[in-house]
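Remarks on the structure that follows.
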Amino acid sequence: MLTPEQARRWYPADDPVHGFDHVRRVYRMAERLARAEGADLEIVQAAALLHDAQDSLTGSEAQEGEKRSSHQLHSAEIAANALQAEGWSPERIAAVQHCIRAHRFRDESIAPQTLEAKVLFDADKLDAIGAIGVARALAFAISAGSPVYGRVSEGFLKTGKLERGETHSAYHEYLFKLVKLKDRLYTPAARSLAESRHALMVAFFERLAEEMEA
Ligand SMILES: [Fe+2]
Ligand SMILES: [Fe+2]
């Protein structure tokens, strides 16, 4: 049994976006969804505690981007080592690894196949919408030196690639990813929790755009 206290060492305490506070919230939400959906609680708990373990490593900005795009794979490796040390069976380690590999929204090549993987995906995405989601999106933009708002091109909306002269903002992240999350959730328990979080987030970003363009 892996505890949240043991997991603390894999995460920075001062990262408002992917630090231990995020992991602790995902852990609690994943437990709640696992109970509602009848998923294997121990698998879900371990997967939640380890799902962003790779993010704790720091490096140059280029390395950061590279690491984020594959952090689900590296975190799955960290998970295997940690759970082997705890005496877990290979089958249950593989189940946790699948949850972790399938949690990244931008990587559709590995979709959640098990109930436990769906629960982790949903718990992680619920932490990206609502008031917390707004706070994290703003924190991410500000810590990256990016603006909170910028006009979004048609091209970006279609492909996610910035046009010449366009700067990535928190509003871009909202339109490209956050606004779509509600409809990508798998479990009924998460879908029902997502409704009011989604509505609050949409109201915030629409108002932000309105005030910025006034
Ligand atoms: Fe992640
Ligand atoms: Fe996460």
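Ordering of the structure tokens sets the chain letters (A, B, ...); residue numbers start at 1 within each chain; ligands are numbered from 1 in the order shown.
Considering only C-alpha atoms and all ligand atoms, every residue of the polymer chains approaching ligand 1 to 8 Å or closer is listed here: His18, His51, Asp52, Asp55, Arg68, His71, Gln72, His103, Arg104 and Asp124 of chain A.
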Once you count only C-alpha atoms and all ligand atoms, what closest atom pair and distance in Å to one decimal does each residue of chain A within 10 Å of ligand 2 have, with rows by chain and rising residue number, as a tab-separated table?
```
residue	atom	partner	partner_atom_place_in_ligand_line	distance
A:Val17	CA	ligand 2	1 (Fe)	8.5
A:His18	CA	ligand 2	1 (Fe)	6.1
A:Gly19	CA	ligand 2	1 (Fe)	8.7
A:Phe20	CA	ligand 2	1 (Fe)	9.7
A:His22	CA	ligand 2	1 (Fe)	6.7
A:Val23	CA	ligand 2	1 (Fe)	6.5
A:Arg24	CA	ligand 2	1 (Fe)	9.9
A:Arg25	CA	ligand 2	1 (Fe)	9.5
A:Val26	CA	ligand 2	1 (Fe)	7.2
A:Tyr27	CA	ligand 2	1 (Fe)	9.9
A:Ala48	CA	ligand 2	1 (Fe)	8.1
A:Leu49	CA	ligand 2	1 (Fe)	9.4
A:Leu50	CA	ligand 2	1 (Fe)	9.2
A:His51	CA	ligand 2	1 (Fe)	6.3
A:Asp52	CA	ligand 2	1 (Fe)	5.4
A:Ala53	CA	ligand 2	1 (Fe)	9.1
A:Asp55	CA	ligand 2	1 (Fe)	9.2
A:His71	CA	ligand 2	1 (Fe)	9.9
A:Gln72	CA	ligand 2	1 (Fe)	9.3
A:Ile100	CA	ligand 2	1 (Fe)	9.4
A:His103	CA	ligand 2	1 (Fe)	7.8
A:Arg104	CA	ligand 2	1 (Fe)	8.1
A:Leu120	CA	ligand 2	1 (Fe)	9.0
A:Phe121	CA	ligand 2	1 (Fe)	8.6
A:Ala123	CA	ligand 2	1 (Fe)	8.6
A:Asp124	CA	ligand 2	1 (Fe)	5.1
A:Lys125	CA	ligand 2	1 (Fe)	7.7
A:Leu126	CA	ligand 2	1 (Fe)	9.9
A:Asp127	CA	ligand 2	1 (Fe)	7.9
A:Ala128	CA	ligand 2	1 (Fe)	8.6
```
Problem set entry | Backbone DSSP call of helix (DSSP H, G or I) for chain A, listed as a PyMOL selection string | chain A and resi 4-10+20-37+41-50+53-56+61-69+71-85+90-101+115-126+130-143+154-159+170-184+188-213
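Between Ile93 of chain A and the residues A:Ile43, A:Gly133, A:Phe156, A:Ala13, the shortest atom-to-atom distance, using only C-alpha atoms, involves A:Ile43.
Excluding Val202 of chain A itself and same-chain residues fewer than 6 positions from it, the residues having an atom within 12 Å of it are A:Ile129, A:Gly130, A:Ala131, A:Gly133, A:Val134, A:Tyr171, A:Tyr174, A:Leu175, A:Leu178, A:Val179, A:Lys180, A:Leu181, A:Lys182, A:Ala194, A:Glu195, A:Ser196, A:Leu208, A:Ala209, counting only C-alpha atoms.
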Grab the residues selected above and save them as a compact mmCIF listing (two decimals), in the first residue's frame with N, CA and C atoms.
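File written: selection.txt
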```
# COMPACT_ATOMS: atom_id res chain seq x y z
N ILE A 129 -10.47 21.69 -14.84
CA ILE A 129 -11.61 22.57 -15.13
C ILE A 129 -12.14 23.14 -13.81
N GLY A 130 -13.17 23.95 -13.89
CA GLY A 130 -13.71 24.57 -12.68
C GLY A 130 -12.78 25.66 -12.16
N ALA A 131 -13.01 26.09 -10.92
CA ALA A 131 -12.20 27.16 -10.33
C ALA A 131 -10.73 26.75 -10.26
N GLY A 133 -9.22 24.62 -12.22
CA GLY A 133 -8.70 24.62 -13.59
C GLY A 133 -8.33 26.02 -14.05
N VAL A 134 -9.18 27.00 -13.73
CA VAL A 134 -8.88 28.39 -14.08
C VAL A 134 -7.60 28.83 -13.38
N TYR A 171 -5.85 31.66 -22.50
CA TYR A 171 -7.09 31.58 -23.28
C TYR A 171 -6.96 30.57 -24.42
N TYR A 174 -7.41 27.22 -22.93
CA TYR A 174 -8.85 27.02 -22.66
C TYR A 174 -9.57 26.57 -23.93
N LEU A 175 -9.34 27.29 -25.04
CA LEU A 175 -10.09 26.96 -26.27
C LEU A 175 -9.62 25.67 -26.91
N LEU A 178 -9.16 22.88 -22.55
CA LEU A 178 -10.00 22.83 -21.35
C LEU A 178 -11.50 22.76 -21.66
N VAL A 179 -11.92 23.51 -22.69
CA VAL A 179 -13.35 23.55 -23.00
C VAL A 179 -13.85 22.19 -23.53
N LYS A 180 -12.93 21.36 -24.00
CA LYS A 180 -13.33 20.05 -24.57
C LYS A 180 -13.34 18.93 -23.54
N LEU A 181 -12.76 19.19 -22.38
CA LEU A 181 -12.53 18.09 -21.43
C LEU A 181 -13.83 17.44 -20.96
N LYS A 182 -14.83 18.24 -20.69
CA LYS A 182 -16.09 17.71 -20.16
C LYS A 182 -16.63 16.57 -21.02
N ALA A 194 -18.59 17.25 -13.54
CA ALA A 194 -17.96 18.19 -14.48
C ALA A 194 -18.89 19.34 -14.86
N GLU A 195 -20.20 19.11 -14.81
CA GLU A 195 -21.14 20.11 -15.34
C GLU A 195 -20.93 21.50 -14.74
N SER A 196 -20.96 21.60 -13.41
CA SER A 196 -20.88 22.94 -12.82
C SER A 196 -19.46 23.49 -12.91
N LEU A 208 -13.51 37.03 -19.55
CA LEU A 208 -12.14 37.52 -19.73
C LEU A 208 -11.97 38.05 -21.14
N ALA A 209 -12.40 37.27 -22.13
CA ALA A 209 -12.27 37.69 -23.54
C ALA A 209 -13.05 38.98 -23.77
```
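Minimum distance to Asp122 of chain A across A:Ala102, A:Leu73, A:Ala170, A:Ile110 (counting only C-alpha atoms) occurs at A:Ala102.
Shortest separation to Ala94 of chain A among A:Gln6, A:Thr114, A:Thr187, A:Ser70 occurs at residue A:Thr114, atoms counted being only C-alpha atoms.
As for atom CA of Glu108 of chain A and atom CA of Ala137 of chain A, they are spaced 21.3 Å apart.
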Exercise. Using only C-alpha atoms, which residues sit within 12 Å of Gly145 of chain A once same-chain residues fewer than 2 positions away are excluded, as a PyMOL selection string?
Worked result: chain A and resi 61+138-143+147-148+167-170
Residues as selected, N, CA and C atoms, written as a PDB file, in the first residue's frame, can you do that?
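Result saved to part24.pdb:
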```
ATOM      1  N   GLU A  61      14.216  24.811 -20.646  1.00  0.00           N
ATOM      2  CA  GLU A  61      12.845  24.958 -21.147  1.00  0.00           C
ATOM      3  C   GLU A  61      12.562  23.949 -22.265  1.00  0.00           C
ATOM      4  N   LEU A 138      -4.090  29.864 -15.324  1.00  0.00           N
ATOM      5  CA  LEU A 138      -3.465  31.185 -15.155  1.00  0.00           C
ATOM      6  C   LEU A 138      -2.058  31.034 -14.561  1.00  0.00           C
ATOM      7  N   ALA A 139      -1.931  30.163 -13.580  1.00  0.00           N
ATOM      8  CA  ALA A 139      -0.616  29.948 -12.953  1.00  0.00           C
ATOM      9  C   ALA A 139       0.395  29.434 -13.972  1.00  0.00           C
ATOM     10  N   PHE A 140      -0.048  28.525 -14.834  1.00  0.00           N
ATOM     11  CA  PHE A 140       0.851  27.959 -15.851  1.00  0.00           C
ATOM     12  C   PHE A 140       1.321  29.052 -16.808  1.00  0.00           C
ATOM     13  N   ALA A 141       0.369  29.872 -17.285  1.00  0.00           N
ATOM     14  CA  ALA A 141       0.724  30.938 -18.227  1.00  0.00           C
ATOM     15  C   ALA A 141       1.683  31.924 -17.574  1.00  0.00           C
ATOM     16  N   ILE A 142       1.357  32.348 -16.372  1.00  0.00           N
ATOM     17  CA  ILE A 142       2.175  33.366 -15.701  1.00  0.00           C
ATOM     18  C   ILE A 142       3.577  32.829 -15.418  1.00  0.00           C
ATOM     19  N   SER A 143       3.665  31.579 -14.958  1.00  0.00           N
ATOM     20  CA  SER A 143       5.000  31.048 -14.647  1.00  0.00           C
ATOM     21  C   SER A 143       5.814  30.804 -15.918  1.00  0.00           C
ATOM     22  N   PRO A 147       1.061  35.420 -21.776  1.00  0.00           N
ATOM     23  CA  PRO A 147      -0.097  36.222 -21.379  1.00  0.00           C
ATOM     24  C   PRO A 147      -1.277  35.358 -20.950  1.00  0.00           C
ATOM     25  N   VAL A 148      -2.160  35.972 -20.186  1.00  0.00           N
ATOM     26  CA  VAL A 148      -3.381  35.293 -19.753  1.00  0.00           C
ATOM     27  C   VAL A 148      -4.382  35.241 -20.914  1.00  0.00           C
ATOM     28  N   THR A 167       0.811  34.595 -29.935  1.00  0.00           N
ATOM     29  CA  THR A 167       1.454  34.116 -28.703  1.00  0.00           C
ATOM     30  C   THR A 167       0.495  33.203 -27.945  1.00  0.00           C
ATOM     31  N   HIS A 168       1.024  32.116 -27.426  1.00  0.00           N
ATOM     32  CA  HIS A 168       0.193  31.182 -26.663  1.00  0.00           C
ATOM     33  C   HIS A 168      -0.206  31.808 -25.330  1.00  0.00           C
ATOM     34  N   SER A 169      -1.494  31.785 -25.017  1.00  0.00           N
ATOM     35  CA  SER A 169      -1.985  32.370 -23.762  1.00  0.00           C
ATOM     36  C   SER A 169      -2.824  31.333 -23.013  1.00  0.00           C
ATOM     37  N   ALA A 170      -3.218  31.690 -21.804  1.00  0.00           N
ATOM     38  CA  ALA A 170      -4.111  30.795 -21.051  1.00  0.00           C
ATOM     39  C   ALA A 170      -5.430  30.613 -21.804  1.00  0.00           C
TER      40      ALA A 170
END
```
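Note that atom CA of Arg92 of chain A and atom CA of Gln113 of chain A are 14.7 Å apart.
One distance worth recording is that between atom CA of Glu42 of chain A and atom CA of Lys177 of chain A, which is 29.5 Å.
Residue nearest Val119 of chain A within the list A:Lys67, A:Lys158, A:Cys99, A:Phe176: A:Cys99 [criterion: smallest interatomic distance, only C-alpha atoms].
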Seminar exercise, completed: Nearest to Phe105 of chain A, restricted to only C-alpha atoms and choosing among A:Met212, A:Ile78, A:Met201, A:Leu185, comes out as A:Leu185
